[in-house]
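Text of the file input-v1.tsv, holding TSV, N, CA and C atoms and all ligand atoms:
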chain	number	residue	atom	x	y	z
A	12	MET	N	-8.52	12.17	-8.10
A	12	MET	CA	-8.90	10.90	-7.47
A	12	MET	C	-8.00	9.79	-8.01
A	13	ALA	N	-7.48	8.99	-7.11
A	13	ALA	CA	-6.65	7.86	-7.48
A	13	ALA	C	-7.50	6.58	-7.40
A	14	ASN	N	-6.97	5.54	-8.02
A	14	ASN	CA	-7.71	4.28	-8.10
A	14	ASN	C	-6.80	3.15	-7.64
A	15	LEU	N	-7.26	2.41	-6.63
A	15	LEU	CA	-6.52	1.28	-6.11
A	15	LEU	C	-7.27	0.00	-6.47
A	16	ILE	N	-6.58	-0.95	-7.07
A	16	ILE	CA	-7.20	-2.22	-7.44
A	16	ILE	C	-6.58	-3.31	-6.57
A	17	ILE	N	-7.41	-3.88	-5.70
A	17	ILE	CA	-6.96	-4.87	-4.73
A	17	ILE	C	-7.56	-6.22	-5.11
A	18	ASN	N	-6.76	-7.09	-5.69
A	18	ASN	CA	-7.28	-8.38	-6.15
A	18	ASN	C	-8.57	-8.20	-6.95
A	19	ASP	N	-8.56	-7.28	-7.91
A	19	ASP	CA	-9.66	-6.99	-8.83
A	19	ASP	C	-10.82	-6.21	-8.21
A	20	ILE	N	-10.71	-5.79	-6.97
A	20	ILE	CA	-11.71	-4.88	-6.38
A	20	ILE	C	-11.18	-3.46	-6.52
A	21	GLU	N	-11.97	-2.57	-7.12
A	21	GLU	CA	-11.53	-1.20	-7.35
A	21	GLU	C	-12.03	-0.28	-6.25
A	22	VAL	N	-11.12	0.55	-5.75
A	22	VAL	CA	-11.44	1.49	-4.69
A	22	VAL	C	-10.93	2.87	-5.09
A	23	ASP	N	-11.77	3.90	-4.98
A	23	ASP	CA	-11.34	5.27	-5.23
A	23	ASP	C	-10.74	5.86	-3.95
A	24	ILE	N	-9.61	6.51	-4.07
A	24	ILE	CA	-8.93	7.12	-2.93
A	24	ILE	C	-8.53	8.53	-3.32
A	25	THR	N	-8.68	9.46	-2.41
A	25	THR	CA	-8.26	10.83	-2.67
A	25	THR	C	-6.75	10.90	-2.85
A	26	ASN	N	-6.31	11.65	-3.83
A	26	ASN	CA	-4.88	11.81	-4.07
A	26	ASN	C	-4.18	12.25	-2.79
A	27	GLY	N	-3.04	11.62	-2.50
A	27	GLY	CA	-2.24	12.03	-1.36
A	27	GLY	C	-2.62	11.36	-0.05
A	28	GLU	N	-3.57	10.41	-0.08
A	28	GLU	CA	-3.97	9.74	1.15
A	28	GLU	C	-3.28	8.40	1.30
A	29	LYS	N	-3.09	7.97	2.56
A	29	LYS	CA	-2.60	6.62	2.83
A	29	LYS	C	-3.64	5.60	2.36
A	30	ILE	N	-3.16	4.44	1.96
A	30	ILE	CA	-4.07	3.41	1.46
A	30	ILE	C	-4.49	2.43	2.55
A	31	VAL	N	-4.02	2.62	3.78
A	31	VAL	CA	-4.20	1.62	4.83
A	31	VAL	C	-5.67	1.30	5.10
A	32	ASP	N	-6.54	2.29	5.15
A	32	ASP	CA	-7.95	2.02	5.45
A	32	ASP	C	-8.59	1.21	4.32
A	33	ALA	N	-8.29	1.58	3.09
A	33	ALA	CA	-8.88	0.88	1.94
A	33	ALA	C	-8.42	-0.57	1.88
A	34	ILE	N	-7.15	-0.82	2.14
A	34	ILE	CA	-6.68	-2.20	2.04
A	34	ILE	C	-7.18	-3.04	3.21
A	35	GLU	N	-7.30	-2.44	4.38
A	35	GLU	CA	-7.82	-3.20	5.53
A	35	GLU	C	-9.27	-3.61	5.27
A	36	GLU	N	-10.06	-2.71	4.73
A	36	GLU	CA	-11.46	-3.01	4.43
A	36	GLU	C	-11.58	-4.12	3.39
A	37	ASN	N	-10.51	-4.34	2.62
A	37	ASN	CA	-10.55	-5.34	1.57
A	37	ASN	C	-9.65	-6.53	1.85
A	38	GLY	N	-9.35	-6.78	3.13
A	38	GLY	CA	-8.77	-8.05	3.52
A	38	GLY	C	-7.31	-8.09	3.90
A	39	VAL	N	-6.59	-6.99	3.72
A	39	VAL	CA	-5.17	-7.02	4.10
A	39	VAL	C	-5.08	-6.95	5.63
A	40	PRO	N	-4.37	-7.88	6.25
A	40	PRO	CA	-4.24	-7.82	7.71
A	40	PRO	C	-3.39	-6.63	8.14
A	41	ILE	N	-3.90	-5.86	9.08
A	41	ILE	CA	-3.19	-4.69	9.60
A	41	ILE	C	-2.92	-4.92	11.08
A	42	GLY	N	-1.69	-4.70	11.48
A	42	GLY	CA	-1.32	-4.88	12.88
A	42	GLY	C	-1.07	-3.54	13.54
A	43	CYS	N	0.20	-3.16	13.56
A	43	CYS	CA	0.61	-1.97	14.31
A	43	CYS	C	0.19	-0.65	13.65
A	44	SER	N	0.06	-0.65	12.34
A	44	SER	CA	-0.20	0.57	11.55
A	44	SER	C	0.94	1.58	11.59
A	45	ASN	N	2.06	1.19	12.15
A	45	ASN	CA	3.18	2.12	12.31
A	45	ASN	C	4.45	1.70	11.59
A	46	GLY	N	4.37	0.70	10.72
A	46	GLY	CA	5.56	0.28	10.00
A	46	GLY	C	6.52	-0.55	10.82
A	47	VAL	N	6.02	-1.26	11.83
A	47	VAL	CA	6.89	-2.02	12.72
A	47	VAL	C	6.70	-3.54	12.58
A	48	CYS	N	5.45	-4.00	12.47
A	48	CYS	CA	5.19	-5.44	12.56
A	48	CYS	C	5.33	-6.19	11.24
A	49	GLY	N	5.09	-5.55	10.11
A	49	GLY	CA	5.23	-6.20	8.82
A	49	GLY	C	4.04	-7.02	8.36
A	50	THR	N	2.96	-7.07	9.11
A	50	THR	CA	1.83	-7.90	8.70
A	50	THR	C	1.10	-7.36	7.47
A	51	CYS	N	1.29	-6.11	7.15
A	51	CYS	CA	0.55	-5.49	6.05
A	51	CYS	C	1.31	-5.54	4.73
A	52	GLU	N	2.28	-6.43	4.61
A	52	GLU	CA	3.06	-6.50	3.38
A	52	GLU	C	2.16	-6.75	2.18
A	53	ILE	N	2.34	-5.95	1.14
A	53	ILE	CA	1.56	-6.10	-0.09
A	53	ILE	C	2.53	-6.18	-1.27
A	54	GLU	N	2.01	-6.68	-2.39
A	54	GLU	CA	2.80	-6.75	-3.62
A	54	GLU	C	2.14	-5.84	-4.65
A	55	ILE	N	2.93	-4.94	-5.20
A	55	ILE	CA	2.43	-4.02	-6.22
A	55	ILE	C	2.61	-4.67	-7.59
A	56	LEU	N	1.50	-4.84	-8.30
A	56	LEU	CA	1.52	-5.48	-9.61
A	56	LEU	C	1.69	-4.46	-10.73
A	57	GLU	N	1.10	-3.28	-10.55
A	57	GLU	CA	1.22	-2.20	-11.53
A	57	GLU	C	1.10	-0.86	-10.80
A	58	GLY	N	1.79	0.15	-11.31
A	58	GLY	CA	1.60	1.50	-10.80
A	58	GLY	C	2.48	1.89	-9.63
A	59	MET	N	3.60	1.21	-9.44
A	59	MET	CA	4.49	1.57	-8.33
A	59	MET	C	4.87	3.05	-8.38
A	60	GLU	N	4.96	3.59	-9.60
A	60	GLU	CA	5.34	4.99	-9.75
A	60	GLU	C	4.30	5.95	-9.19
A	61	ASN	N	3.11	5.45	-8.91
A	61	ASN	CA	2.04	6.30	-8.37
A	61	ASN	C	1.99	6.30	-6.85
A	62	LEU	N	2.89	5.55	-6.21
A	62	LEU	CA	2.95	5.52	-4.75
A	62	LEU	C	4.09	6.40	-4.25
A	63	SER	N	4.00	6.76	-2.98
A	63	SER	CA	5.09	7.48	-2.32
A	63	SER	C	6.37	6.65	-2.37
A	64	GLU	N	7.49	7.32	-2.17
A	64	GLU	CA	8.78	6.62	-2.13
A	64	GLU	C	8.84	5.72	-0.90
A	65	LEU	N	9.68	4.67	-0.96
A	65	LEU	CA	9.92	3.85	0.22
A	65	LEU	C	10.34	4.73	1.38
A	66	ASN	N	9.81	4.49	2.55
A	66	ASN	CA	10.25	5.26	3.71
A	66	ASN	C	11.17	4.40	4.59
A	67	ASP	N	11.65	4.98	5.67
A	67	ASP	CA	12.62	4.28	6.52
A	67	ASP	C	12.03	3.01	7.13
A	68	GLU	N	10.76	3.07	7.53
A	68	GLU	CA	10.12	1.88	8.12
A	68	GLU	C	10.09	0.73	7.12
A	69	GLU	N	9.77	1.03	5.88
A	69	GLU	CA	9.73	-0.02	4.85
A	69	GLU	C	11.13	-0.58	4.59
A	70	ARG	N	12.11	0.27	4.54
A	70	ARG	CA	13.49	-0.21	4.34
A	70	ARG	C	13.92	-1.08	5.51
A	71	ASP	N	13.57	-0.67	6.71
A	71	ASP	CA	13.97	-1.43	7.90
A	71	ASP	C	13.38	-2.83	7.90
A	72	LEU	N	12.19	-3.01	7.31
A	72	LEU	CA	11.55	-4.32	7.25
A	72	LEU	C	11.84	-5.05	5.94
A	73	GLY	N	12.79	-4.55	5.17
A	73	GLY	CA	13.28	-5.28	4.01
A	73	GLY	C	12.42	-5.19	2.76
A	74	MET	N	11.56	-4.18	2.68
A	74	MET	CA	10.74	-4.04	1.47
A	74	MET	C	11.66	-3.63	0.31
A	75	GLU	N	11.51	-4.32	-0.79
A	75	GLU	CA	12.27	-4.01	-2.00
A	75	GLU	C	11.52	-4.59	-3.19
A	76	GLY	N	11.93	-4.22	-4.38
A	76	GLY	CA	11.22	-4.69	-5.57
A	76	GLY	C	9.78	-4.24	-5.54
A	77	ASN	N	8.85	-5.19	-5.65
A	77	ASN	CA	7.42	-4.85	-5.67
A	77	ASN	C	6.77	-4.93	-4.30
A	78	LYS	N	7.56	-5.17	-3.25
A	78	LYS	CA	7.00	-5.31	-1.91
A	78	LYS	C	6.92	-3.97	-1.20
A	79	ARG	N	5.78	-3.71	-0.57
A	79	ARG	CA	5.59	-2.47	0.20
A	79	ARG	C	4.84	-2.80	1.49
A	80	LEU	N	4.90	-1.86	2.41
A	80	LEU	CA	4.06	-1.95	3.61
A	80	LEU	C	2.80	-1.13	3.35
A	81	GLY	N	1.66	-1.81	3.39
A	81	GLY	CA	0.40	-1.13	3.08
A	81	GLY	C	0.07	0.00	4.03
A	82	CYS	N	0.55	-0.09	5.26
A	82	CYS	CA	0.23	0.96	6.23
A	82	CYS	C	1.07	2.21	6.02
A	83	GLN	N	2.08	2.12	5.19
A	83	GLN	CA	2.98	3.26	4.99
A	83	GLN	C	2.81	3.95	3.65
A	84	CYS	N	2.17	3.29	2.71
A	84	CYS	CA	2.08	3.84	1.35
A	84	CYS	C	1.04	4.95	1.25
A	85	VAL	N	1.41	5.98	0.52
A	85	VAL	CA	0.50	7.04	0.11
A	85	VAL	C	0.33	6.92	-1.39
A	86	ILE	N	-0.91	7.03	-1.86
A	86	ILE	CA	-1.14	6.99	-3.31
A	86	ILE	C	-1.20	8.44	-3.80
A	87	ASN	N	-0.37	8.77	-4.75
A	87	ASN	CA	-0.26	10.15	-5.21
A	87	ASN	C	-1.30	10.50	-6.26
A	88	ASP	N	-1.52	9.59	-7.20
A	88	ASP	CA	-2.44	9.84	-8.32
A	88	ASP	C	-2.47	8.58	-9.16
A	89	GLY	N	-3.38	8.49	-10.11
A	89	GLY	CA	-3.39	7.40	-11.06
A	89	GLY	C	-3.89	6.09	-10.47
A	90	THR	N	-3.47	4.98	-11.09
A	90	THR	CA	-3.97	3.66	-10.71
A	90	THR	C	-2.83	2.80	-10.17
A	91	VAL	N	-3.11	2.09	-9.09
A	91	VAL	CA	-2.17	1.12	-8.53
A	91	VAL	C	-2.91	-0.20	-8.41
A	92	LYS	N	-2.30	-1.27	-8.93
A	92	LYS	CA	-2.88	-2.61	-8.84
A	92	LYS	C	-2.02	-3.42	-7.88
A	93	MET	N	-2.65	-4.08	-6.91
A	93	MET	CA	-1.88	-4.78	-5.86
A	93	MET	C	-2.55	-6.08	-5.46
A	94	THR	N	-1.78	-6.92	-4.78
A	94	THR	CA	-2.29	-8.14	-4.19
A	94	THR	C	-1.60	-8.32	-2.84
A	95	PHE	N	-2.04	-9.34	-2.11
A	95	PHE	CA	-1.41	-9.62	-0.81
A	95	PHE	C	-1.46	-11.09	-0.50
B	1	LIG	S1	0.58	-2.83	10.05
B	1	LIG	FE1	2.46	-3.14	11.09
B	1	LIG	S2	3.91	-2.65	9.57
B	1	LIG	FE2	2.04	-2.17	8.62

Would you kindly transcribe this structure into structure tokens?
Ligand code: FES
Amino acid sequence: MANLIINDIEVDITNGEKIVDAIEENGVPIGCSNGVCGTCEIEILEGMENLSELNDEERDLGMEGNKRLGCQCVINDGTVKMTF
């Protein structure tokens, strides 16, 4: 079980699952869900190593550093702390 912390709200997520549903339930705006619109941009504060690698959609929308697309990230294990 992985742990996602969204602005101090903790959510348990099964290892290997996308985080999109959890972040939407906790206030992150979700648009296309397909890595096209960019509305789901999030900032990773801790635990970037516990997320999937950047994918092509994230690169195309300029995600770099601590920026990710919430609809594209998979949490592999451990704890990830994020804000938006
Ligand atoms: S919801 Fe559109 S890019 Fe994530």

A:Asn77, A:Thr90, A:Asn66, A:Asn26 ranked by distance to Ile53 in chain A, top pick (using only C-alpha atoms) | A:Asn77

Show which residues sit within 12 Å of Val22 in chain A, as a list in words. Count only C-alpha atoms, and ignore same-chain residues fewer than 2 positions away.
->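 Those residues are Met12, Ala13, Asn14, Leu15, Ile16, Ile17, Asn18, Asp19, Ile20, Ile24, Thr25, Ile30, Val31, Asp32, Ala33, Ile34, Glu35, Glu36, Asn37, Ile86, Gly89, Thr90, Val91, Lys92 and Met93 of chain A.
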
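Nearest residue to ligand LIG 1 (chain B), choosing from A:Thr94, A:Glu69, A:Ile55, A:Gly76 and counting all atoms listed in the file: A:Glu69.
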
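You can rank A:Glu21, A:Arg79, A:Val85, A:Asp71 by their closest distance to Thr50 in chain A using only C-alpha atoms, and at the top of that list sits A:Arg79.
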
For the atom pair CA of Cys48 in chain A and atom N of Glu64 in chain A, what is the interatomic distance in Å to one decimal place?
->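 It comes out at 19.6 Å.
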
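The residues of chain A that DSSP classifies as helix (DSSP H, G or I), using the backbone of this structure, are Val31, Asp32, Ala33, Ile34, Glu35, Glu36, Met59, Glu60, Asn61, Asp67, Glu68, Glu69, Arg70 and Asp71 of chain A.
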
Do you know which residues are within 5 Å of ligand LIG 1 (chain B) using all atoms listed in the file? Can you write them as a list in words?
->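 Checking all atoms listed in the file against ligand LIG 1 (chain B) at 5 Å gives Ile41, Gly42, Cys43, Ser44, Asn45, Gly46, Val47, Cys48, Gly49, Thr50, Cys51 and Cys82 of chain A.
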
Which of these, A:Leu56, A:Gln83, A:Glu28, A:Phe95, has the shortest distance to Glu68 in chain A once you count only N, CA and C atoms?
->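 Ranking A:Leu56, A:Gln83, A:Glu28, A:Phe95 by distance to Glu68 in chain A, first place goes to A:Gln83.
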